[in-house]
Amino acid sequence: MKTQTLLLGQTLRFTGNPLSDPWEETVHIDSDGGVLIEGAQIKAVGRADDLRKTHPQATVQDYGDRLICPGFVDAHVHYPQTAIIASWGKRLIDWLNSYTFPEEMRLSDPAYARDIAGRYLDLTLANGTTTVCSFATIAPTSVDAIFDAAAERGQRIVAGKTCMDRNAPDGLRDTAQSAYDDSKKLIDRWHGKGRATYAITPRFTPTSTPEQLAALGALWTERTDCLMQTHLSEQIDEIAWVQDLVPHARDYLDTYEEHGLVRDRAVFGHAIHLTPREIDRLADSGASVVHCPTSNTFIGSGLFDMAHIAAQQIPIGLATDTGGGSSFSMLRTMAAAYEIGQLRGTPTHAAQLMWLATAGSARSLHLHEKIGTLAEGFEADITVLDLASTPAIKQRSDNAHSIWDQLFATIMMGDDRAISDVWVNGVRRG
Ligand code: GUN
Ligand code: ZN
């Protein structure tokens with residue numbers, strides 16, 4: 001008999017998608033709720049009293065009025081940029097050249113990559129994030145480092161070797177052939193091993209030649225159940241550069257499409273400045289886009305149009321985009337998504353923000369049948385939020401008129417102090 005633990009508190013429950021249906025009908029908070037964990041899985045979710053009666057032998061962990069949520073899922077990050085987060089004053093291309101590429105070069109040292117991978121996962125776990133989808137560097141050993149570090153912590157993870165064969169410095173370029181060969185070896189080593197998913201990872205069109213994009217498109221036809229992650233239409237200058245590099249392309253998305261990189265299981269970071277054709281094509285293809293709000297304000301990229309993209313039924317994930325993003329916290333990221341919604345005149349509700357940071361991100365990564373929701377049969381990745389974690393939040397929380405009002409204060413003002421406890425695959429990591 002596997003050990004059973006019964007977590008008691010307020011519980012967050014989803015019965016639909018609050019971006020396409022009213023949030024009141026799709027997202028629920030049950031006071032006096034319970035989540036029964038058996039081994040690595042969630043065995044039952046329901047009323048505390050009922051679960052106590054039906055499972056009297058379970059060890060009880062009572063969180064009082066804290067909120068038991070699915071672990072946060074950060075759908076687009078660069079773990080190698082951990083040590084350069086919050087670097088001042090540049091926009092995308094200069095920021096890459098000045099801060100990112102020199103730091104990514106350092107991760108060619110496998111010992112340094114292991115150090116950063118462990119540091120990164122510890123920082124994100126402390127922020128309640130249980131799964132990330134990360135770019136590594138061009139070094140295959142940097143991919144091993146993040147998959148190893150996740151396995152040591154029992155975490156579900158998506159990652160891939162970043163491929164770049166142009167417009168990057170010496171020491172940070174591969175070739176079309178070596179990107180294909182190395183990615184294939186890494187897929188065979190990691191994809192589906194334990195809780196690992198491999199994502200084929202061309203960085204973006206400016207740093208991948210058409211030959212490299214074609215090679216990775218061919219690899220994806222051989223390993224169809226992998227993900228493919230890249231960047232799309234983040235800054236205006238970047239889009240102009242793509243147009244210069246690929247003059248025959250109809251638009252930025254077309255530079256991926258012509259190499260078979262636009263389909264179900266493709267995950268495009270940013271997707272801010274899209275043309276109507278790109279939006280239609282994304283909607284037809286089943287590909288996902290990932291909103292990275294702290295990055296978009298920090299690097300000065302623009303305002304993602306969540307309401308419009310969601311209305312086209314394009315799956316949307318939420319992400320920090322560390323270290324272009326300025327925080328490891330998905331609470332801070334939800335706050336920034338709210339602020340961008342306000343600037344666009346379409347404020348997002350707390351229920352929608354919580355869904356995006358969990359089930360929505362999981363769906364964008366095709367992991368929505370495994371993580372991101374508290375329900376029977378899901379993996380037991382759980383984050384417990386203290387809704388009065390600082391004096392400033394407590395006094396606001398004491399004045400709240402509803403649980404949603406209270407939760408919204410933690411979303412807007414909370415940080416790692418709001419993370420009361422974290423469970424990964426049924427193991428308490430608090
Ligand atoms: N576009 C290509 N590479 C990157 C990156 O590392 N961060 C961000 N924000 N955008 C990118
Ligand atoms: Zn990115």
# chains A, B, ... in the order shown; residues from 1 in each chain; ligands from 1
call {"tool": "residues_near_ligand", "arguments": {"ligand": "ligand 2", "cutoff": "7 Å", "atoms": "only C-alpha atoms and all ligand atoms", "output": "list of chain:residue names"}}
result
A:His76, A:Val77, A:His78, A:His231, A:Gly269, A:Asp321
call {"tool": "residues_near_ligand", "arguments": {"ligand": "ligand 1", "cutoff": "6 Å", "atoms": "only C-alpha atoms and all ligand atoms", "output": "PyMOL selection string"}}
result
chain A and resi 203-204+231+324
call {"tool": "residues_around", "arguments": {"residues": "region 379-393 of chain A", "least_positions_apart": "3", "cutoff": "8 Å", "atoms": "only C-alpha atoms", "output": "compact mmCIF listing (two decimals) with N, CA, C and O atoms, in the first residue's frame"}}
result
# COMPACT_ATOMS: atom_id res chain seq x y z
N ILE A 37 -3.11 12.61 -1.76
CA ILE A 37 -1.97 12.17 -2.57
C ILE A 37 -1.68 10.71 -2.23
O ILE A 37 -1.62 10.34 -1.05
N ALA A 40 3.00 9.12 -6.05
CA ALA A 40 3.34 10.32 -6.82
C ALA A 40 2.13 10.99 -7.44
O ALA A 40 2.26 11.98 -8.14
N GLN A 41 0.95 10.43 -7.17
CA GLN A 41 -0.25 10.91 -7.89
C GLN A 41 -1.30 11.49 -6.96
O GLN A 41 -1.35 11.17 -5.76
N ILE A 42 -2.16 12.30 -7.56
CA ILE A 42 -3.35 12.75 -6.84
C ILE A 42 -4.42 11.66 -6.99
O ILE A 42 -4.72 11.22 -8.09
N ARG A 66 -4.94 28.36 3.89
CA ARG A 66 -4.03 28.58 2.74
C ARG A 66 -4.63 27.96 1.47
O ARG A 66 -5.51 27.11 1.57
N LEU A 67 -4.12 28.38 0.33
CA LEU A 67 -4.70 27.94 -0.94
C LEU A 67 -3.81 26.87 -1.59
O LEU A 67 -2.64 27.13 -1.90
N ILE A 68 -4.40 25.70 -1.77
CA ILE A 68 -3.68 24.58 -2.40
C ILE A 68 -3.94 24.65 -3.91
O ILE A 68 -5.08 24.58 -4.35
N CYS A 69 -2.85 24.80 -4.67
CA CYS A 69 -2.96 25.01 -6.13
C CYS A 69 -2.10 23.98 -6.86
O CYS A 69 -1.19 23.41 -6.27
N PRO A 70 -2.33 23.82 -8.14
CA PRO A 70 -1.35 23.06 -8.93
C PRO A 70 -0.01 23.80 -8.89
O PRO A 70 0.02 25.03 -8.81
N GLY A 71 1.11 23.07 -8.94
CA GLY A 71 2.42 23.72 -9.05
C GLY A 71 2.44 24.60 -10.29
O GLY A 71 1.83 24.27 -11.31
N PHE A 72 3.15 25.72 -10.21
CA PHE A 72 3.21 26.62 -11.37
C PHE A 72 4.04 25.99 -12.50
O PHE A 72 5.02 25.27 -12.24
N GLY A 128 7.54 28.32 -6.12
CA GLY A 128 6.35 27.52 -6.37
C GLY A 128 6.23 26.96 -7.77
O GLY A 128 5.19 26.42 -8.14
N THR A 129 7.30 27.08 -8.55
CA THR A 129 7.28 26.56 -9.93
C THR A 129 7.81 25.12 -9.91
O THR A 129 8.94 24.88 -9.51
N THR A 130 6.98 24.20 -10.38
CA THR A 130 7.38 22.79 -10.34
C THR A 130 7.81 22.26 -11.71
O THR A 130 8.50 21.25 -11.77
N LYS A 370 -1.28 15.60 -17.55
CA LYS A 370 -0.38 15.11 -16.49
C LYS A 370 -0.25 16.10 -15.33
O LYS A 370 -0.22 15.70 -14.16
N ILE A 371 -0.11 17.37 -15.65
CA ILE A 371 0.14 18.39 -14.62
C ILE A 371 -0.74 19.62 -14.86
O ILE A 371 -1.38 19.75 -15.90
N GLY A 372 -0.74 20.53 -13.89
CA GLY A 372 -1.42 21.81 -14.07
C GLY A 372 -2.84 21.85 -13.52
O GLY A 372 -3.48 22.90 -13.54
N LEU A 374 -5.49 20.11 -10.28
CA LEU A 374 -5.67 19.22 -9.13
C LEU A 374 -6.87 18.33 -9.43
O LEU A 374 -8.02 18.78 -9.32
N ARG A 396 -4.24 44.11 3.42
CA ARG A 396 -5.14 44.17 2.25
C ARG A 396 -6.08 42.96 2.25
O ARG A 396 -7.28 43.09 1.97
N SER A 397 -5.50 41.83 2.60
CA SER A 397 -6.24 40.59 2.63
C SER A 397 -7.35 40.63 3.69
O SER A 397 -8.47 40.18 3.47
N GLN A 406 -8.92 38.55 -2.30
CA GLN A 406 -7.79 38.21 -1.44
C GLN A 406 -6.63 37.62 -2.27
O GLN A 406 -5.48 38.03 -2.15
N LEU A 407 -6.98 36.68 -3.14
CA LEU A 407 -5.95 36.05 -3.98
C LEU A 407 -5.30 37.07 -4.91
O LEU A 407 -4.09 37.05 -5.15
N ALA A 409 -4.66 40.14 -4.36
CA ALA A 409 -3.63 40.91 -3.63
C ALA A 409 -2.31 40.13 -3.59
O ALA A 409 -1.23 40.71 -3.75
N THR A 410 -2.40 38.82 -3.39
CA THR A 410 -1.16 38.01 -3.39
C THR A 410 -0.56 37.95 -4.78
O THR A 410 0.66 38.00 -4.95
N MET A 413 1.08 41.46 -5.23
CA MET A 413 2.10 41.93 -4.29
C MET A 413 2.98 40.80 -3.76
O MET A 413 3.93 41.05 -3.01
N GLY A 414 2.67 39.55 -4.15
CA GLY A 414 3.36 38.41 -3.54
C GLY A 414 4.68 38.07 -4.21
O GLY A 414 4.96 38.45 -5.34
N ARG A 417 7.88 34.65 -0.55
CA ARG A 417 7.38 34.53 0.83
C ARG A 417 5.95 34.01 0.86
O ARG A 417 5.48 33.54 1.90
N ALA A 418 5.24 34.11 -0.26
CA ALA A 418 3.85 33.62 -0.30
C ALA A 418 3.80 32.11 -0.54
O ALA A 418 2.72 31.51 -0.48
N ILE A 419 4.94 31.51 -0.84
CA ILE A 419 4.96 30.07 -1.12
C ILE A 419 5.14 29.33 0.20
O ILE A 419 6.24 29.28 0.76
N SER A 420 4.06 28.75 0.68
CA SER A 420 4.07 28.08 1.98
C SER A 420 4.68 26.70 1.90
O SER A 420 5.34 26.24 2.82
N ASP A 421 4.40 26.00 0.82
CA ASP A 421 4.87 24.64 0.68
C ASP A 421 4.83 24.24 -0.79
O ASP A 421 4.07 24.82 -1.58
N VAL A 422 5.65 23.26 -1.13
CA VAL A 422 5.67 22.75 -2.51
C VAL A 422 5.80 21.23 -2.46
O VAL A 422 6.61 20.69 -1.70
N TRP A 423 5.00 20.55 -3.26
CA TRP A 423 5.09 19.10 -3.41
C TRP A 423 5.47 18.80 -4.86
O TRP A 423 4.89 19.37 -5.79
N VAL A 424 6.46 17.92 -5.03
CA VAL A 424 6.89 17.53 -6.38
C VAL A 424 6.75 16.03 -6.52
O VAL A 424 7.39 15.27 -5.79
N ASN A 425 5.88 15.62 -7.43
CA ASN A 425 5.66 14.19 -7.68
C ASN A 425 5.35 13.45 -6.37
O ASN A 425 5.86 12.35 -6.14
N GLY A 426 4.55 14.07 -5.53
CA GLY A 426 4.11 13.43 -4.29
C GLY A 426 5.10 13.54 -3.14
O GLY A 426 4.86 13.01 -2.06
call {"tool": "residues_around", "arguments": {"residues": "region 185-199 of chain A", "least_positions_apart": "2", "cutoff": "7 Å", "atoms": "only C-alpha atoms", "output": "PyMOL selection string"}}
result
chain A and resi 147+155-160+181-183+201+226-229
call {"tool": "select_by_dssp", "arguments": {"residues": "region 190-303 of chain A", "states": "strand (DSSP E)", "output": "list of chain:residue names"}}
result
A:Ala196, A:Thr197, A:Tyr198, A:Ala199, A:Ile200, A:Thr201, A:Pro202, A:Leu227, A:Met228, A:Gln229, A:Thr230, A:His231, A:Leu232, A:Ala266, A:Val267, A:Phe268, A:Gly269, A:His270, A:Ser288, A:Val289, A:Val290, A:His291
call {"tool": "residues_around", "arguments": {"residues": "region 325-331 of chain A", "least_positions_apart": "3", "cutoff": "6 Å", "atoms": "only C-alpha atoms", "output": "PDB file with C-alpha atoms, in the first residue's frame"}}
result
ATOM      1  CA  ALA A  86      18.083  42.089 -14.449  1.00  0.00           C
ATOM      2  CA  THR A 124      12.123  28.451  -9.134  1.00  0.00           C
ATOM      3  CA  ASN A 127       8.810  30.392  -6.053  1.00  0.00           C
ATOM      4  CA  THR A 294       7.953  40.786 -17.353  1.00  0.00           C
ATOM      5  CA  SER A 295      10.334  40.231 -20.245  1.00  0.00           C
ATOM      6  CA  THR A 320       8.978  34.376 -16.920  1.00  0.00           C
ATOM      7  CA  ASP A 321      11.414  34.195 -19.873  1.00  0.00           C
ATOM      8  CA  THR A 322      14.245  34.303 -17.331  1.00  0.00           C
ATOM      9  CA  MET A 334       0.804  37.006 -13.376  1.00  0.00           C
ATOM     10  CA  ILE A 411      -0.873  37.846  -7.178  1.00  0.00           C
TER      11      ILE A 411
END
call {"tool": "atom_distance", "arguments": {"atom1": "CA of Leu8 (chain A)", "atom2": "CA of Asp21 (chain A)"}}
result
28.4 Å
call {"tool": "closest_atom_pairs", "arguments": {"of": "region 347-427 of chain A", "to": "region 10-18 of chain A", "cutoff": "8 Å", "atoms": "only C-alpha atoms", "output": "CSV"}}
result
residue,atom,partner,partner_atom,distance
A:Ala351,CA,A:Pro18,CA,7.4
A:Gln352,CA,A:Pro18,CA,5.6
A:Trp355,CA,A:Pro18,CA,7.3
A:Thr373,CA,A:Phe14,CA,6.9
A:Leu374,CA,A:Arg13,CA,6.3
A:Ala375,CA,A:Arg13,CA,7.9
call {"tool": "closest_residue", "arguments": {"among": "A:Gly430, A:Pro293, A:Pro80, A:Gly9", "to": "Asp49 (chain A)", "atoms": "only C-alpha atoms"}}
result
A:Gly9
call {"tool": "closest_residue", "arguments": {"among": "A:Gly286, A:Gly323, A:Pro247, A:Pro347", "to": "Tyr99 (chain A)", "atoms": "only C-alpha atoms"}}
result
A:Gly323
call {"tool": "atom_distance", "arguments": {"atom1": "CA of Ala357 (chain A)", "atom2": "CA of Val290 (chain A)"}}
result
10.7 Å
call {"tool": "atom_distance", "arguments": {"atom1": "CA of Asp122 (chain A)", "atom2": "CA of Ala149 (chain A)"}}
result
9.6 Å
call {"tool": "closest_residue", "arguments": {"among": "A:Gln177, A:Ser402, A:Ser20, A:Gln4", "to": "Ile316 (chain A)", "atoms": "only C-alpha atoms"}}
result
A:Ser20
